[in-house]
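Colleague: Enclosed is the structure file protein.txt (compact mmCIF, C-alpha atoms and all ligand atoms).
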```txt
# COMPACT_ATOMS: atom_id res chain seq x y z
CA MET Y 390 -23.28 10.23 3.26
CA LYS Y 391 -20.52 7.63 3.59
CA LYS Y 392 -19.12 7.28 7.12
CA ILE Y 393 -15.40 6.52 7.18
CA ILE Y 394 -13.06 5.27 9.89
CA LEU Y 395 -9.62 6.45 8.74
CA VAL Y 396 -6.55 4.66 10.15
CA GLY Y 397 -3.15 6.18 9.30
CA SER Y 398 -4.49 9.71 8.76
CA THR Y 399 -1.14 11.49 9.22
CA GLY Y 400 0.72 9.68 6.42
CA SER Y 401 1.01 10.43 2.73
CA ILE Y 402 -2.16 8.49 1.82
CA GLY Y 403 -4.02 9.48 5.01
CA LYS Y 404 -3.56 13.20 4.33
CA GLN Y 405 -4.95 12.73 0.83
CA VAL Y 406 -7.99 10.87 2.22
CA VAL Y 407 -8.58 13.88 4.48
CA LYS Y 408 -8.26 16.16 1.44
CA VAL Y 409 -10.87 14.13 -0.49
CA ALA Y 410 -13.24 14.20 2.51
CA VAL Y 411 -12.82 17.97 2.91
CA ALA Y 412 -13.47 18.52 -0.82
CA HIS Y 413 -16.77 16.56 -0.65
CA PRO Y 414 -18.44 17.30 2.70
CA ASP Y 415 -21.81 16.31 1.22
CA LYS Y 416 -20.54 12.80 0.39
CA PHE Y 417 -18.09 11.77 3.13
CA SER Y 418 -17.79 12.12 6.84
CA ILE Y 419 -14.76 10.86 8.75
CA CYS Y 420 -16.37 9.65 11.96
CA ALA Y 421 -13.19 8.20 13.52
CA LEU Y 422 -9.65 9.45 12.92
CA CYS Y 423 -6.67 7.28 13.89
CA ALA Y 424 -2.91 7.64 13.52
CA HIS Y 425 0.21 6.55 15.38
CA SER Y 426 2.55 9.27 16.68
CA ASN Y 427 2.44 12.51 14.67
CA VAL Y 428 0.68 14.66 17.27
CA ASP Y 429 0.90 18.02 15.44
CA GLU Y 430 -0.62 16.79 12.19
CA PHE Y 431 -3.20 14.74 14.09
CA GLU Y 432 -4.37 17.76 16.12
CA ARG Y 433 -4.54 19.86 12.95
CA GLN Y 434 -6.75 17.23 11.28
CA LEU Y 435 -8.94 16.82 14.37
CA ASN Y 436 -9.73 20.51 14.35
CA ILE Y 437 -10.63 20.51 10.67
CA LEU Y 438 -12.71 17.34 10.67
CA LYS Y 439 -14.10 17.34 14.24
CA PRO Y 440 -14.75 13.55 14.16
CA GLU Y 441 -16.84 11.89 16.88
CA TYR Y 442 -13.95 9.55 17.78
CA ALA Y 443 -10.17 9.68 17.55
CA ALA Y 444 -7.23 7.56 18.66
CA LEU Y 445 -3.44 7.48 18.49
CA SER Y 446 -2.02 3.95 18.59
CA CYS Y 447 1.22 5.12 20.23
CA ALA Y 448 0.28 5.44 23.92
CA ASP Y 449 3.14 7.88 24.67
CA ALA Y 450 2.20 10.19 21.82
CA ALA Y 451 -1.45 10.02 22.93
CA LYS Y 452 -0.43 11.57 26.28
CA ARG Y 453 0.88 14.62 24.40
CA VAL Y 454 -2.40 15.32 22.58
CA GLY Y 455 -4.05 18.42 24.03
CA ASN Y 456 -5.85 20.38 21.36
CA ILE Y 457 -8.97 18.23 20.83
CA PRO Y 458 -12.43 19.46 19.73
CA LYS Y 459 -14.95 19.27 22.60
CA THR Y 460 -17.19 16.88 20.68
CA THR Y 461 -14.43 14.33 19.96
CA ALA Y 462 -13.94 11.31 22.25
CA PHE Y 463 -10.19 10.63 22.26
CA TYR Y 464 -8.33 7.42 23.18
CA GLY Y 465 -4.73 6.17 23.21
CA GLY Y 466 -3.10 2.80 22.41
CA GLU Y 467 -3.30 0.19 19.68
CA ASP Y 468 -6.24 -1.58 21.37
CA ALA Y 469 -8.18 1.70 21.25
CA VAL Y 470 -7.78 1.87 17.46
CA ILE Y 471 -8.99 -1.73 17.16
CA LYS Y 472 -11.92 -0.96 19.48
CA LEU Y 473 -12.98 2.02 17.34
CA ILE Y 474 -12.75 -0.11 14.18
CA LYS Y 475 -14.97 -2.73 15.81
CA GLU Y 476 -17.47 -0.52 17.58
CA VAL Y 477 -17.93 2.77 15.72
CA GLN Y 478 -20.75 2.58 13.23
CA ALA Y 479 -19.31 3.23 9.73
CA ASP Y 480 -19.60 2.17 6.09
CA VAL Y 481 -15.93 1.68 5.43
CA VAL Y 482 -12.58 1.43 7.21
CA PHE Y 483 -9.82 3.16 5.22
CA VAL Y 484 -6.54 1.40 6.10
CA ALA Y 485 -3.75 3.86 5.22
CA VAL Y 486 -1.24 2.58 7.77
CA SER Y 487 2.23 1.63 6.56
CA GLY Y 488 3.81 -1.78 7.10
CA PHE Y 489 2.82 -5.08 8.73
CA ALA Y 490 0.99 -3.04 11.41
CA GLY Y 491 -1.83 -2.51 8.89
CA LEU Y 492 -2.79 -6.19 8.80
CA LYS Y 493 -4.36 -6.32 12.25
CA TYR Y 494 -6.53 -3.29 11.49
CA SER Y 495 -7.74 -4.80 8.21
CA LEU Y 496 -8.55 -8.04 10.04
CA ALA Y 497 -10.43 -6.14 12.75
CA ALA Y 498 -12.48 -4.32 10.09
CA ILE Y 499 -13.36 -7.50 8.22
CA ASN Y 500 -14.26 -9.31 11.44
CA ALA Y 501 -16.56 -6.38 12.25
CA LYS Y 502 -18.18 -6.86 8.80
CA LYS Y 503 -17.04 -3.45 7.56
CA ASP Y 504 -15.79 -2.87 4.02
CA VAL Y 505 -12.09 -2.04 3.76
CA ALA Y 506 -10.61 0.60 1.44
CA LEU Y 507 -7.15 -0.86 1.31
CA ALA Y 508 -4.05 1.26 0.76
CA ASN Y 509 -1.91 -0.82 3.14
CA LYS Y 510 -0.39 -3.33 0.74
CA GLU Y 511 1.22 -5.41 3.47
CA THR Y 512 -2.30 -6.59 4.42
CA LEU Y 513 -2.51 -8.66 1.23
CA VAL Y 514 1.22 -9.28 0.74
CA CYS Y 515 1.56 -10.85 4.21
CA GLY Y 516 -2.00 -11.82 5.02
CA GLY Y 517 -3.67 -12.49 1.65
CA ASP Y 518 -4.19 -16.18 2.42
CA VAL Y 519 -6.10 -15.25 5.59
CA ILE Y 520 -7.78 -12.02 4.43
CA THR Y 521 -9.28 -13.18 1.13
CA PRO Y 522 -11.29 -16.18 2.44
CA LEU Y 523 -12.26 -14.27 5.59
CA ALA Y 524 -13.58 -11.29 3.59
CA LYS Y 525 -15.53 -13.68 1.39
CA SER Y 526 -17.10 -15.52 4.31
CA MET Y 527 -17.97 -12.23 6.05
CA GLY Y 528 -19.45 -10.72 2.87
CA VAL Y 529 -17.00 -7.80 3.11
CA ASN Y 530 -15.54 -5.89 0.14
CA VAL Y 531 -11.79 -5.30 0.03
CA ILE Y 532 -11.55 -2.24 -2.22
CA PRO Y 533 -8.21 -1.56 -3.92
CA VAL Y 534 -6.57 1.84 -3.44
CA ASP Y 535 -3.07 1.13 -4.75
CA SER Y 536 -3.08 2.88 -8.15
CA GLU Y 537 -2.20 -0.23 -10.18
CA HIS Y 538 -4.93 -2.33 -8.59
CA SER Y 539 -7.43 0.47 -8.87
CA ALA Y 540 -6.53 0.71 -12.58
CA ILE Y 541 -7.07 -3.04 -13.06
CA TRP Y 542 -10.36 -2.86 -11.16
CA GLN Y 543 -11.51 0.04 -13.38
CA CYS Y 544 -10.55 -1.97 -16.51
CA LEU Y 545 -12.58 -4.90 -15.10
CA ASN Y 546 -15.55 -2.55 -14.68
CA PHE Y 547 -15.30 -2.82 -10.86
CA ASN Y 548 -15.86 -6.56 -11.03
CA ALA Y 549 -12.90 -8.42 -9.49
CA GLU Y 550 -14.33 -11.74 -10.69
CA ARG Y 551 -14.48 -10.78 -14.36
CA GLU Y 552 -12.44 -13.04 -16.65
CA PHE Y 553 -9.18 -11.83 -18.15
CA LYS Y 554 -6.12 -13.31 -19.79
CA ASN Y 555 -3.32 -11.23 -18.26
CA LEU Y 556 -2.93 -8.38 -15.82
CA ILE Y 557 -0.20 -5.96 -16.89
CA ILE Y 558 1.20 -3.92 -14.02
CA THR Y 559 3.20 -0.81 -14.90
CA ALA Y 560 6.25 0.35 -12.93
CA SER Y 561 8.02 3.71 -13.10
CA GLY Y 562 11.34 2.01 -12.31
CA GLY Y 563 11.90 4.22 -9.24
CA ALA Y 564 14.63 6.70 -8.42
CA PHE Y 565 17.50 4.62 -9.81
CA ARG Y 566 16.04 3.42 -13.07
CA ASP Y 567 18.87 5.02 -15.07
CA TYR Y 568 21.69 4.00 -12.70
CA SER Y 569 24.17 1.25 -13.49
CA LYS Y 570 24.85 -1.51 -10.95
CA GLU Y 571 28.18 0.18 -10.20
CA GLU Y 572 26.48 3.52 -9.48
CA LEU Y 573 23.96 1.83 -7.15
CA LYS Y 574 26.76 0.95 -4.71
CA LYS Y 575 27.05 4.53 -3.49
CA VAL Y 576 23.49 5.91 -3.59
CA THR Y 577 22.22 7.80 -0.53
CA PRO Y 578 18.81 7.78 1.24
CA ALA Y 579 18.15 11.31 -0.07
CA GLN Y 580 18.64 10.08 -3.64
CA ALA Y 581 16.41 7.04 -3.05
CA LEU Y 582 13.65 9.29 -1.70
CA ASN Y 583 13.66 11.41 -4.85
CA HIS Y 584 11.04 9.50 -6.85
CA PRO Y 585 10.75 10.62 -10.49
CA THR Y 586 6.92 10.56 -10.76
CA TRP Y 587 5.20 9.94 -7.36
CA GLN Y 588 5.15 11.65 -3.92
CA MET Y 589 4.79 8.96 -1.22
CA GLY Y 590 5.87 7.88 2.28
CA ALA Y 591 9.55 6.98 2.81
CA LYS Y 592 9.27 3.17 2.99
CA ILE Y 593 7.30 2.74 -0.23
CA THR Y 594 9.54 5.25 -2.05
CA VAL Y 595 12.63 3.16 -1.24
CA ASP Y 596 10.66 0.02 -2.21
CA CYS Y 597 10.05 1.64 -5.60
CA ALA Y 598 13.79 2.11 -6.07
CA THR Y 599 14.48 -1.58 -5.29
CA LEU Y 600 11.30 -2.64 -7.16
CA LEU Y 601 10.29 -4.59 -4.05
CA ASN Y 602 7.11 -2.53 -4.28
CA LYS Y 603 6.38 -3.92 -7.75
CA GLY Y 604 6.91 -7.47 -6.47
CA TYR Y 605 4.44 -6.67 -3.68
CA GLU Y 606 1.95 -5.40 -6.23
CA VAL Y 607 2.13 -8.69 -8.14
CA ILE Y 608 1.26 -10.51 -4.88
CA GLU Y 609 -1.57 -8.03 -4.18
CA ALA Y 610 -2.96 -8.60 -7.70
CA HIS Y 611 -2.78 -12.37 -7.19
CA HIS Y 612 -5.00 -12.09 -4.11
CA LEU Y 613 -7.36 -9.34 -5.29
CA TYR Y 614 -8.09 -10.82 -8.72
CA ASN Y 615 -7.53 -14.54 -8.06
CA ALA Y 616 -4.80 -14.37 -10.72
CA ASP Y 617 -2.20 -17.08 -11.36
CA TYR Y 618 1.29 -15.70 -11.03
CA ASN Y 619 2.02 -16.54 -14.67
CA SER Y 620 -0.87 -14.32 -15.77
CA ILE Y 621 0.54 -11.23 -14.03
CA LYS Y 622 3.09 -9.34 -16.15
CA THR Y 623 5.13 -6.29 -15.18
CA VAL Y 624 6.43 -3.60 -17.53
CA ILE Y 625 8.54 -0.50 -16.95
CA HIS Y 626 6.60 2.59 -18.03
CA ARG Y 627 8.61 5.69 -17.20
CA GLU Y 628 5.86 8.32 -17.44
CA SER Y 629 3.43 6.74 -14.90
CA ILE Y 630 0.48 7.80 -17.07
CA ILE Y 631 -0.87 4.29 -17.66
CA HIS Y 632 -1.50 2.94 -14.17
CA SER Y 633 -1.98 -0.69 -15.31
CA MET Y 634 -3.73 -2.74 -17.97
CA VAL Y 635 -5.88 -5.82 -18.47
CA GLU Y 636 -5.53 -8.10 -21.48
CA PHE Y 637 -8.61 -10.13 -22.44
CA THR Y 638 -8.89 -13.50 -24.25
CA ASP Y 639 -9.34 -11.91 -27.66
CA GLY Y 640 -6.12 -9.89 -27.29
CA ALA Y 641 -7.82 -6.57 -26.50
CA ILE Y 642 -5.97 -4.56 -23.85
CA LEU Y 643 -7.69 -1.94 -21.71
CA ALA Y 644 -5.55 0.63 -19.89
CA GLN Y 645 -6.44 3.22 -17.27
CA MET Y 646 -4.64 6.53 -17.76
CA GLY Y 647 -4.28 9.68 -15.71
CA VAL Y 648 -1.67 11.92 -14.14
CA PRO Y 649 0.28 10.24 -11.30
CA SER Y 650 -1.83 11.14 -8.25
CA MET Y 651 -3.38 8.99 -5.53
CA ILE Y 652 -6.35 11.35 -5.15
CA LEU Y 653 -8.31 9.60 -7.92
CA PRO Y 654 -7.91 5.99 -6.67
CA ILE Y 655 -8.60 7.18 -3.11
CA GLN Y 656 -11.80 8.98 -4.11
CA LEU Y 657 -12.96 6.18 -6.42
CA ALA Y 658 -12.53 3.59 -3.66
CA LEU Y 659 -15.14 5.59 -1.74
CA THR Y 660 -17.56 6.40 -4.58
CA TYR Y 661 -17.40 3.51 -7.09
CA PRO Y 662 -19.12 2.73 -9.38
CA LYS Y 663 -19.96 6.45 -9.48
CA ARG Y 664 -17.40 9.07 -10.47
CA TYR Y 665 -17.40 12.68 -9.30
CA ASP Y 666 -15.26 15.78 -9.86
CA CYS Y 667 -11.80 15.12 -8.59
CA GLU Y 668 -9.11 17.63 -7.64
CA VAL Y 669 -6.48 16.08 -9.81
CA GLY Y 670 -4.42 17.36 -12.76
CA LYS Y 671 -5.33 16.34 -16.29
CA VAL Y 672 -3.23 14.64 -18.97
CA ASP Y 673 -2.42 17.42 -21.44
CA PHE Y 674 -2.97 16.18 -25.01
CA SER Y 675 -2.40 19.65 -26.47
CA LYS Y 676 1.36 19.01 -26.40
CA ALA Y 677 3.23 16.13 -28.01
CA PHE Y 678 4.40 13.43 -25.62
CA THR Y 679 5.45 9.79 -25.77
CA LEU Y 680 4.64 6.81 -23.61
CA ASN Y 681 7.51 4.32 -23.22
CA PHE Y 682 7.48 0.66 -22.26
CA GLN Y 683 10.40 -1.64 -21.56
CA PRO Y 684 10.80 -5.04 -19.90
CA VAL Y 685 11.98 -5.28 -16.28
CA ASP Y 686 15.68 -6.18 -15.96
CA GLU Y 687 15.28 -8.70 -13.13
CA ASP Y 688 19.03 -8.92 -12.51
CA LYS Y 689 19.14 -5.22 -11.68
CA TYR Y 690 16.34 -5.63 -9.13
CA PRO Y 691 16.99 -8.64 -6.84
CA CYS Y 692 14.24 -7.54 -4.41
CA PHE Y 693 11.69 -7.84 -7.21
CA LYS Y 694 12.72 -11.44 -7.86
CA LEU Y 695 12.70 -12.25 -4.13
CA ALA Y 696 9.15 -10.92 -3.85
CA LEU Y 697 7.91 -12.92 -6.84
CA ASN Y 698 9.50 -16.10 -5.45
CA CYS Y 699 7.97 -15.47 -2.02
CA GLY Y 700 4.56 -14.87 -3.57
CA ILE Y 701 4.74 -18.15 -5.48
CA ARG Y 702 6.09 -19.98 -2.40
CA GLY Y 703 3.21 -18.54 -0.32
CA GLY Y 704 2.60 -19.26 3.40
CA THR Y 705 4.73 -17.13 5.72
CA ALA Y 706 7.42 -16.44 3.06
CA PRO Y 707 6.08 -12.97 2.03
CA THR Y 708 5.71 -12.02 5.71
CA ALA Y 709 9.35 -12.92 6.40
CA LEU Y 710 10.45 -10.94 3.35
CA ASN Y 711 8.38 -7.94 4.39
CA ALA Y 712 9.71 -7.98 7.95
CA ALA Y 713 13.29 -8.18 6.68
CA ALA Y 714 12.63 -5.35 4.23
CA GLU Y 715 11.04 -3.09 6.87
CA VAL Y 716 14.11 -3.51 9.08
CA ALA Y 717 16.60 -3.21 6.21
CA VAL Y 718 14.98 -0.11 4.70
CA ASN Y 719 14.95 1.55 8.14
CA ALA Y 720 18.65 0.75 8.50
CA PHE Y 721 19.33 2.15 5.02
CA LEU Y 722 17.39 5.35 5.78
CA SER Y 723 19.35 5.86 9.00
CA GLY Y 724 22.68 5.35 7.22
CA LYS Y 725 23.47 1.93 8.74
CA LEU Y 726 23.14 -0.14 5.57
CA SER Y 727 24.01 0.40 1.92
CA PHE Y 728 21.28 0.37 -0.72
CA LEU Y 729 22.47 -2.89 -2.31
CA ASP Y 730 22.61 -4.59 1.10
CA ILE Y 731 18.81 -4.23 1.47
CA ALA Y 732 18.39 -7.18 -0.93
CA LYS Y 733 21.20 -9.11 0.80
CA VAL Y 734 19.53 -8.79 4.21
CA CYS Y 735 16.17 -9.90 2.75
CA ASP Y 736 17.79 -12.86 1.04
CA GLY Y 737 19.71 -13.82 4.20
CA VAL Y 738 16.54 -13.77 6.30
CA LEU Y 739 14.62 -15.85 3.73
CA GLN Y 740 17.36 -18.48 3.63
CA GLU Y 741 16.92 -19.01 7.39
CA HIS Y 742 13.14 -18.80 7.34
CA GLU Y 743 11.10 -21.97 7.75
CA VAL Y 744 7.99 -21.39 5.63
CA LEU Y 745 4.75 -22.32 7.42
CA LYS Y 746 1.19 -22.32 6.12
CA ALA Y 747 -0.44 -18.92 6.72
CA THR Y 748 -3.44 -20.16 8.65
CA ASP Y 749 -4.05 -17.29 11.07
CA TYR Y 750 -2.77 -13.94 12.31
CA SER Y 751 -0.64 -15.35 15.12
CA THR Y 752 1.34 -17.56 12.68
CA LEU Y 753 2.04 -14.46 10.58
CA GLU Y 754 2.88 -12.34 13.62
CA ASN Y 755 5.40 -14.96 14.82
CA ALA Y 756 7.00 -15.12 11.39
CA ASP Y 757 7.20 -11.32 11.37
CA ILE Y 758 8.85 -11.18 14.81
CA LEU Y 759 11.40 -13.92 14.02
CA ALA Y 760 12.32 -12.39 10.65
CA ARG Y 761 12.80 -8.93 12.19
CA ARG Y 762 15.14 -10.41 14.80
CA GLN Y 763 17.09 -12.25 12.12
CA ALA Y 764 17.36 -9.11 9.97
CA LEU Y 765 18.69 -7.06 12.89
CA LYS Y 766 21.27 -9.78 13.57
CA LEU Y 767 22.44 -9.76 9.94
CA ILE Y 768 22.68 -5.96 9.88
CA SER Y 769 24.71 -5.81 13.10
CA ARG Y 770 27.31 -8.22 11.65
P1 LIG Y 801 3.44 6.96 5.52
O1 LIG Y 801 4.69 6.45 6.13
O2 LIG Y 801 3.44 8.29 4.87
O3 LIG Y 801 2.28 6.98 6.63
C1 LIG Y 801 2.04 5.89 7.47
C2 LIG Y 801 0.84 6.16 8.35
O4 LIG Y 801 0.62 5.02 9.17
C3 LIG Y 801 1.01 7.34 9.31
O5 LIG Y 801 -0.24 7.95 9.51
C4 LIG Y 801 1.44 6.66 10.61
O6 LIG Y 801 1.14 7.40 11.77
C5 LIG Y 801 0.56 5.42 10.55
N1 LIG Y 801 1.02 4.29 11.37
C6 LIG Y 801 2.24 3.72 11.40
N2 LIG Y 801 2.25 2.69 12.27
C7 LIG Y 801 1.00 2.62 12.80
C8 LIG Y 801 0.37 1.79 13.77
N3 LIG Y 801 1.03 0.81 14.40
N4 LIG Y 801 -0.93 2.01 14.06
C9 LIG Y 801 -1.63 3.03 13.47
N5 LIG Y 801 -1.09 3.85 12.54
C10 LIG Y 801 0.21 3.64 12.23
O7 LIG Y 801 2.96 5.83 4.50
P2 LIG Y 801 2.16 6.00 3.13
O8 LIG Y 801 0.96 6.84 3.33
O9 LIG Y 801 3.09 6.30 2.03
O10 LIG Y 801 1.69 4.49 2.87
C11 LIG Y 801 0.65 3.87 3.61
C12 LIG Y 801 0.36 2.51 2.98
O11 LIG Y 801 -0.18 2.72 1.67
C13 LIG Y 801 1.60 1.63 2.78
O12 LIG Y 801 1.26 0.29 2.95
C14 LIG Y 801 2.00 1.89 1.33
O13 LIG Y 801 2.70 0.83 0.77
C15 LIG Y 801 0.63 2.05 0.70
N6 LIG Y 801 0.61 2.85 -0.52
C16 LIG Y 801 1.06 4.14 -0.48
C17 LIG Y 801 1.05 4.93 -1.62
C18 LIG Y 801 1.45 6.37 -1.55
O14 LIG Y 801 1.27 7.08 -2.55
N7 LIG Y 801 1.97 6.86 -0.47
C19 LIG Y 801 0.60 4.38 -2.90
C20 LIG Y 801 0.11 3.04 -2.82
C21 LIG Y 801 0.13 2.30 -1.67
P3 LIG Y 801 2.12 8.60 12.37
O15 LIG Y 801 2.62 9.34 11.19
O16 LIG Y 801 1.14 9.40 13.18
O17 LIG Y 801 3.19 7.96 13.19
MG MG Y 802 1.29 1.19 -6.51
```
Can I see the file as structure tokens?
Ligand code: NDP
Ligand code: MG

Modeller:
Amino acid sequence: MKKIILVGSTGSIGKQVVKVAVAHPDKFSICALCAHSNVDEFERQLNILKPEYAALSCADAAKRVGNIPKTTAFYGGEDAVIKLIKEVQADVVFVAVSGFAGLKYSLAAINAKKDVALANKETLVCGGDVITPLAKSMGVNVIPVDSEHSAIWQCLNFNAEREFKNLIITASGGAFRDYSKEELKKVTPAQALNHPTWQMGAKITVDCATLLNKGYEVIEAHHLYNADYNSIKTVIHRESIIHSMVEFTDGAILAQMGVPSMILPIQLALTYPKRYDCEVGKVDFSKAFTLNFQPVDEDKYPCFKLALNCGIRGGTAPTALNAAAEVAVNAFLSGKLSFLDIAKVCDGVLQEHEVLKATDYSTLENADILARRQALKLISR
């Protein structure tokens, strides 16, 4: 029985982790359930799972929680989530939080010598330089959940140190893949949230439309697989059936295929190297279908280029980009910024940002705070 501390249970990924746990009660037990502010969903989950511990990181929301199972010890505040990660006995901490906020939970888990099932991509995008050596020195596994990195890991036979020539990351192209630059000027949040192949949280769905998400995934792959940036390729693959590929020295390419669903990478992160029945649709080979590939048009996706440059630059650059993007995407979703201005805000913040070496969490946190401030200033102009 694998004991799981789940952080970010009320989000798109978190709900699917709960689904996997409920489908396999003989294999998984969620011993601590943590989220931020969605009280209704949190209470619903508490009463299904009846975990020993639970916490909401938003102290105000925690005051509104009433419907708790008698056997669950409940706490409020960010420190309470960190305390549960540190102190509750578990095999793995599943970090399904969105944004920079996920980094501190991943760090707490690694410092407590607990394996991390990592959905939160900002952990590696912003903190890869700190996380990777720390996990190594603590003897902790950072297990990929993002579908592309899970695909690569499967192609490497679950061995992140296995040699390869190139990693080939596939991208759906997001909601606006067939829009011209002219048409992008007027797109709305509702259109950006209408992803052609995946159902996800709002921030990552917008990041798919700008391809910032794909830039992030290149940085994640760099850290997870110790890959040079020039050995990580990206290709547009509209159908999202091939989740990524690995090319080996002899030219052989292995691909991992499946319907677009996060259930499989979530479950596999908890059961690898074993595979079990999985409540996921199957690719239907009884009908004719085609898989398409096309190169990324970098000029159409300035956020993708910004992310690649920040990854190569390293240090606090990706953190500054991420902070700017979190603020800009929020502004876009609340109608205060146009879609094309997301990239302009990110670029503006990066031009002002003094890149420092990413030596510890507080350096990253400072970079995050400064970049957020700068982004808000640019948006208000
Ligand atoms: P959502 O926005 O749907 O959910 C975010 C979750 O994080 C919610 O449970 C939210 O709580 C919680 N949360 C937010 N801030 C905090 C905080 N400070 N402390 C504790 N919990 C917090 O996001 P997704 O599920 O879509 O994405 C989660 C992460 O996984 C992101 O990094 C994303 O990039 C990555 N990812 C997502 C994929 C997907 O299919 N959705 C695919 C691959 C990667 P509450 O709702 O209670 O406020
Ligand atoms: Mg992905």

Colleague: Using only C-alpha atoms, can you tell me which of Y:Ile652, Y:Leu657, Y:Val595, Y:Cys515 comes closest to Gly704 in chain Y?

Modeller: Y:Cys515

Colleague: Residues contacting ligand MG 802 (chain Y) - anything with an atom at most 6 Å away, using all atoms listed in the file - can you give me those as an mmCIF file with C-alpha atoms, in the coordinates of the input?

Modeller:
```
data_model
loop_
_atom_site.group_PDB
_atom_site.id
_atom_site.type_symbol
_atom_site.label_atom_id
_atom_site.label_comp_id
_atom_site.auth_asym_id
_atom_site.auth_seq_id
_atom_site.Cartn_x
_atom_site.Cartn_y
_atom_site.Cartn_z
ATOM 1 C CA ASP Y 535 -3.070 1.130 -4.750
ATOM 2 C CA SER Y 536 -3.080 2.880 -8.150
ATOM 3 C CA GLU Y 537 -2.200 -0.230 -10.180
#
```

Colleague: Could you jot down the CA of Asn755 in chain Y to CA of Ile471 in chain Y separation for me, Å, one decimal place?

Modeller: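 One can read the CA of Asn755 in chain Y to CA of Ile471 in chain Y distance as 19.7 Å.
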
Colleague: Report, in Å with one decimal, the straight-line distance from CA of Val672 in chain Y to atom C21 of ligand LIG 801 (chain Y).

Modeller: 21.5 Å

Colleague: Using only C-alpha atoms for the distances, tell me which of Y:Gly563, Y:Gly640, Y:Pro440, Y:Pro654 is nearest to Pro458 in chain Y.

Modeller: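 Nearest candidate to Pro458 in chain Y out of Y:Gly563, Y:Gly640, Y:Pro440, Y:Pro654: Y:Pro440.
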
Colleague: Output the neighbourhood of ligand LIG 801 (chain Y) as a short mmCIF file (atom, residue, chain, number, x, y, z; two decimals) with C-alpha atoms, in the frame of the given file, that is, all protein and nucleic acid residues with some atom at most 9 Å from the ligand, counting all atoms listed in the file.

Modeller:
```
data_model
loop_
_atom_site.label_atom_id
_atom_site.label_comp_id
_atom_site.auth_asym_id
_atom_site.auth_seq_id
_atom_site.Cartn_x
_atom_site.Cartn_y
_atom_site.Cartn_z
CA VAL Y 396 -6.55 4.66 10.15
CA GLY Y 397 -3.15 6.18 9.30
CA SER Y 398 -4.49 9.71 8.76
CA THR Y 399 -1.14 11.49 9.22
CA GLY Y 400 0.72 9.68 6.42
CA SER Y 401 1.01 10.43 2.73
CA ILE Y 402 -2.16 8.49 1.82
CA GLY Y 403 -4.02 9.48 5.01
CA LYS Y 404 -3.56 13.20 4.33
CA GLN Y 405 -4.95 12.73 0.83
CA CYS Y 423 -6.67 7.28 13.89
CA ALA Y 424 -2.91 7.64 13.52
CA HIS Y 425 0.21 6.55 15.38
CA SER Y 426 2.55 9.27 16.68
CA ASN Y 427 2.44 12.51 14.67
CA VAL Y 428 0.68 14.66 17.27
CA ASP Y 429 0.90 18.02 15.44
CA GLU Y 430 -0.62 16.79 12.19
CA PHE Y 431 -3.20 14.74 14.09
CA ALA Y 444 -7.23 7.56 18.66
CA LEU Y 445 -3.44 7.48 18.49
CA SER Y 446 -2.02 3.95 18.59
CA CYS Y 447 1.22 5.12 20.23
CA ALA Y 450 2.20 10.19 21.82
CA GLY Y 466 -3.10 2.80 22.41
CA GLU Y 467 -3.30 0.19 19.68
CA VAL Y 470 -7.78 1.87 17.46
CA VAL Y 484 -6.54 1.40 6.10
CA ALA Y 485 -3.75 3.86 5.22
CA VAL Y 486 -1.24 2.58 7.77
CA SER Y 487 2.23 1.63 6.56
CA GLY Y 488 3.81 -1.78 7.10
CA PHE Y 489 2.82 -5.08 8.73
CA ALA Y 490 0.99 -3.04 11.41
CA GLY Y 491 -1.83 -2.51 8.89
CA TYR Y 494 -6.53 -3.29 11.49
CA LEU Y 507 -7.15 -0.86 1.31
CA ALA Y 508 -4.05 1.26 0.76
CA ASN Y 509 -1.91 -0.82 3.14
CA LYS Y 510 -0.39 -3.33 0.74
CA GLU Y 511 1.22 -5.41 3.47
CA THR Y 512 -2.30 -6.59 4.42
CA VAL Y 534 -6.57 1.84 -3.44
CA ASP Y 535 -3.07 1.13 -4.75
CA SER Y 536 -3.08 2.88 -8.15
CA GLU Y 537 -2.20 -0.23 -10.18
CA TRP Y 587 5.20 9.94 -7.36
CA GLN Y 588 5.15 11.65 -3.92
CA MET Y 589 4.79 8.96 -1.22
CA GLY Y 590 5.87 7.88 2.28
CA ALA Y 591 9.55 6.98 2.81
CA LYS Y 592 9.27 3.17 2.99
CA ILE Y 593 7.30 2.74 -0.23
CA THR Y 594 9.54 5.25 -2.05
CA ASP Y 596 10.66 0.02 -2.21
CA ASN Y 602 7.11 -2.53 -4.28
CA TYR Y 605 4.44 -6.67 -3.68
CA SER Y 650 -1.83 11.14 -8.25
CA MET Y 651 -3.38 8.99 -5.53
#
```

Colleague: Check the smallest atom-to-atom distance from each of Y:Lys689, Y:Lys676, Y:His611, Y:Lys663 to Tyr568 in chain Y using all atoms listed in the file, then report the winner.

Modeller: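 Of the candidates, the smallest distance to Tyr568 in chain Y is held by Y:Lys689.
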
Colleague: Kindly extract all protein, DNA and RNA residues lying within 9 Å of the coordinates (14.4, 9.1, -3.3) given in the file, considering all atoms listed in the file, and supply them as an NGL selection string.

Modeller: :Y and (563-565 or 577-585 or 591 or 594-595 or 597-598)

Colleague: If we count all atoms listed in the file and set the cut-off at 6 Å, which residues sit around range 550-559 of chain Y, ignoring sequence neighbours fewer than 5 positions away in its own chain? Please answer as a VMD selection string.

Modeller: chain Y and resid 620 to 626 633 to 638

Colleague: As an exercise, work out the distance from CA of Lys746 in chain Y to CA of Gly528 in chain Y in Å and give it to one decimal place.

Modeller: 23.9 Å
